[in-house]
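Q: Just dropping this structure here.
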Amino acid sequence: MSSDWYFLKRGFFRTKKIGPISEPDFLHRIERGEISPDTLVSSTTKTHGHWLHVRDIQAANKHWNKTHPTAQSTEPKN
């Protein structure tokens with residue numbers, strides 16, 4: 001099952017909404033570091049349209065920690 005993801009990319013003067021992107025593209029952008037634990041993301045199926053930080057989405061945060069082992073580990077704030 002795949003879902004469409006959106007994320008907010010901060011620029012110098014404004015923030016731009018990017019998407020929809022596929023789940024494999026979403027995971028690839030996490031691997032490249034384009035999407036980080038502080039990035040706000042949204043999916044109609046996974047987050048029910050709410051904007052959440054990647055660090056607060058268990059599977060995405062786990063993927064970040066797996067692909068960036070030297071980065072400081074991020075844990076969801078519960």
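Note on naming: chains are A, B, ... as they come in the structure tokens, residues start from 1 per chain, ligands start from 1 in the order shown.
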Could you list, as JSON, numbers by chain, every residue within 12 Å of Pro24 of chain A, counting only C-alpha atoms and ignoring same-chain residues fewer than 3 positions away?
A: {"A": [1, 2, 3, 4, 5, 20, 21, 27, 28, 29, 30, 31, 60, 63]}
Q: Go ahead and write the selection's residues with N, CA and C atoms as a PDB file, in the first residue's frame.
A:
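Below you can see result-v8.pdb, which holds the result:
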```pdb
ATOM      1  N   MET A   1       0.853  -1.180   0.000  1.00  0.00           N
ATOM      2  CA  MET A   1       0.000   0.000   0.000  1.00  0.00           C
ATOM      3  C   MET A   1       0.894   1.237   0.000  1.00  0.00           C
ATOM      4  N   SER A   2       0.597   2.144  -0.857  1.00  0.00           N
ATOM      5  CA  SER A   2       1.370   3.371  -0.964  1.00  0.00           C
ATOM      6  C   SER A   2       0.476   4.560  -0.630  1.00  0.00           C
ATOM      7  N   SER A   3       1.082   5.586  -0.135  1.00  0.00           N
ATOM      8  CA  SER A   3       0.310   6.785   0.168  1.00  0.00           C
ATOM      9  C   SER A   3       1.026   7.991  -0.413  1.00  0.00           C
ATOM     10  N   ASP A   4       0.290   9.046  -0.584  1.00  0.00           N
ATOM     11  CA  ASP A   4       0.866  10.287  -1.083  1.00  0.00           C
ATOM     12  C   ASP A   4       1.286  11.150   0.096  1.00  0.00           C
ATOM     13  N   TRP A   5       2.498  11.652   0.027  1.00  0.00           N
ATOM     14  CA  TRP A   5       3.069  12.467   1.085  1.00  0.00           C
ATOM     15  C   TRP A   5       3.299  13.885   0.600  1.00  0.00           C
ATOM     16  N   PRO A  20       2.166  16.015  -4.252  1.00  0.00           N
ATOM     17  CA  PRO A  20       2.346  14.736  -3.555  1.00  0.00           C
ATOM     18  C   PRO A  20       3.536  13.951  -4.097  1.00  0.00           C
ATOM     19  N   ILE A  21       4.175  13.202  -3.210  1.00  0.00           N
ATOM     20  CA  ILE A  21       5.242  12.281  -3.584  1.00  0.00           C
ATOM     21  C   ILE A  21       4.856  10.898  -3.087  1.00  0.00           C
ATOM     22  N   LEU A  27      10.697   7.969   1.351  1.00  0.00           N
ATOM     23  CA  LEU A  27      11.772   7.269   2.059  1.00  0.00           C
ATOM     24  C   LEU A  27      13.136   7.604   1.454  1.00  0.00           C
ATOM     25  N   HIS A  28      13.197   7.733   0.139  1.00  0.00           N
ATOM     26  CA  HIS A  28      14.458   8.084  -0.522  1.00  0.00           C
ATOM     27  C   HIS A  28      14.909   9.487  -0.108  1.00  0.00           C
ATOM     28  N   ARG A  29      13.971  10.400   0.023  1.00  0.00           N
ATOM     29  CA  ARG A  29      14.326  11.763   0.441  1.00  0.00           C
ATOM     30  C   ARG A  29      14.794  11.787   1.896  1.00  0.00           C
ATOM     31  N   ILE A  30      14.278  10.884   2.724  1.00  0.00           N
ATOM     32  CA  ILE A  30      14.793  10.748   4.091  1.00  0.00           C
ATOM     33  C   ILE A  30      16.235  10.251   4.030  1.00  0.00           C
ATOM     34  N   GLU A  31      16.487   9.243   3.197  1.00  0.00           N
ATOM     35  CA  GLU A  31      17.841   8.692   3.058  1.00  0.00           C
ATOM     36  C   GLU A  31      18.834   9.759   2.617  1.00  0.00           C
ATOM     37  N   ALA A  60       8.809   6.539   9.987  1.00  0.00           N
ATOM     38  CA  ALA A  60       9.690   7.493   9.308  1.00  0.00           C
ATOM     39  C   ALA A  60      10.900   7.825  10.178  1.00  0.00           C
ATOM     40  N   HIS A  63      13.293   4.963  10.083  1.00  0.00           N
ATOM     41  CA  HIS A  63      14.039   4.956   8.815  1.00  0.00           C
ATOM     42  C   HIS A  63      15.153   6.002   8.859  1.00  0.00           C
TER      43      HIS A  63
END
```
Q: I'd like to know which residues of chain A are alpha helix (DSSP H) (by DSSP, run on the backbone); could you write them as JSON, numbers by chain?
A: {"A": [23, 24, 25, 26, 27, 28, 29, 30, 31, 32, 58, 59, 60, 61, 62, 63, 64, 65, 66, 67]}
Q: Would you list, as a PyMOL selection string, the residues of chain A that end up in strand (DSSP E or B) under DSSP run on this structure's backbone?
A: chain A and resi 5-10+15-21+40-43+52-53
Q: May I ask for the distance between atom CA of Asn61 of chain A and atom CA of Gly11 of chain A, given in Å to one decimal place?
A: 22.9 Å
Q: Near segment 32-36 of chain A, counting only C-alpha atoms, which residues have an atom at most 8 Å away, once you skip same-chain residues fewer than 4 positions from it, shown as a ChimeraX atom specification?
A: /A:7,26,28,54,64
Q: Those same residues, written as a short mmCIF file (atom, residue, chain, number, x, y, z; two decimals), in the first residue's frame with N, CA and C atoms?
A:
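That gives us result.cif:
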```cif
data_model
loop_
_atom_site.label_atom_id
_atom_site.label_comp_id
_atom_site.auth_asym_id
_atom_site.auth_seq_id
_atom_site.Cartn_x
_atom_site.Cartn_y
_atom_site.Cartn_z
N PHE A 7 5.46 17.51 2.07
CA PHE A 7 6.36 18.03 3.11
C PHE A 7 6.60 19.50 2.88
N PHE A 26 9.37 9.38 -0.73
CA PHE A 26 9.44 9.93 0.62
C PHE A 26 10.60 9.30 1.39
N HIS A 28 13.20 7.73 0.14
CA HIS A 28 14.46 8.08 -0.52
C HIS A 28 14.91 9.49 -0.11
N VAL A 54 8.62 14.58 11.25
CA VAL A 54 9.04 13.21 10.95
C VAL A 54 9.38 12.46 12.23
N TRP A 64 14.87 7.18 9.41
CA TRP A 64 15.90 8.21 9.55
C TRP A 64 17.06 7.69 10.40
#
```
Q: Between atom CA of Pro37 of chain A and atom CA of Gly19 of chain A, what is the distance, to one decimal in Å?
A: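 Separation of atom CA of Pro37 of chain A and atom CA of Gly19 of chain A: 17.7 Å.
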Q: Tell me which of A:His68, A:Lys9, A:Lys62, A:His53 sits closest to Asp38 of chain A, counting only C-alpha atoms.
A: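 Of the candidates, the smallest distance to Asp38 of chain A is held by A:His53.
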Q: In Å, rounded to a single decimal, give me how far atom CA of Lys66 of chain A is from atom CA of Lys46 of chain A.
A: 20.3 Å
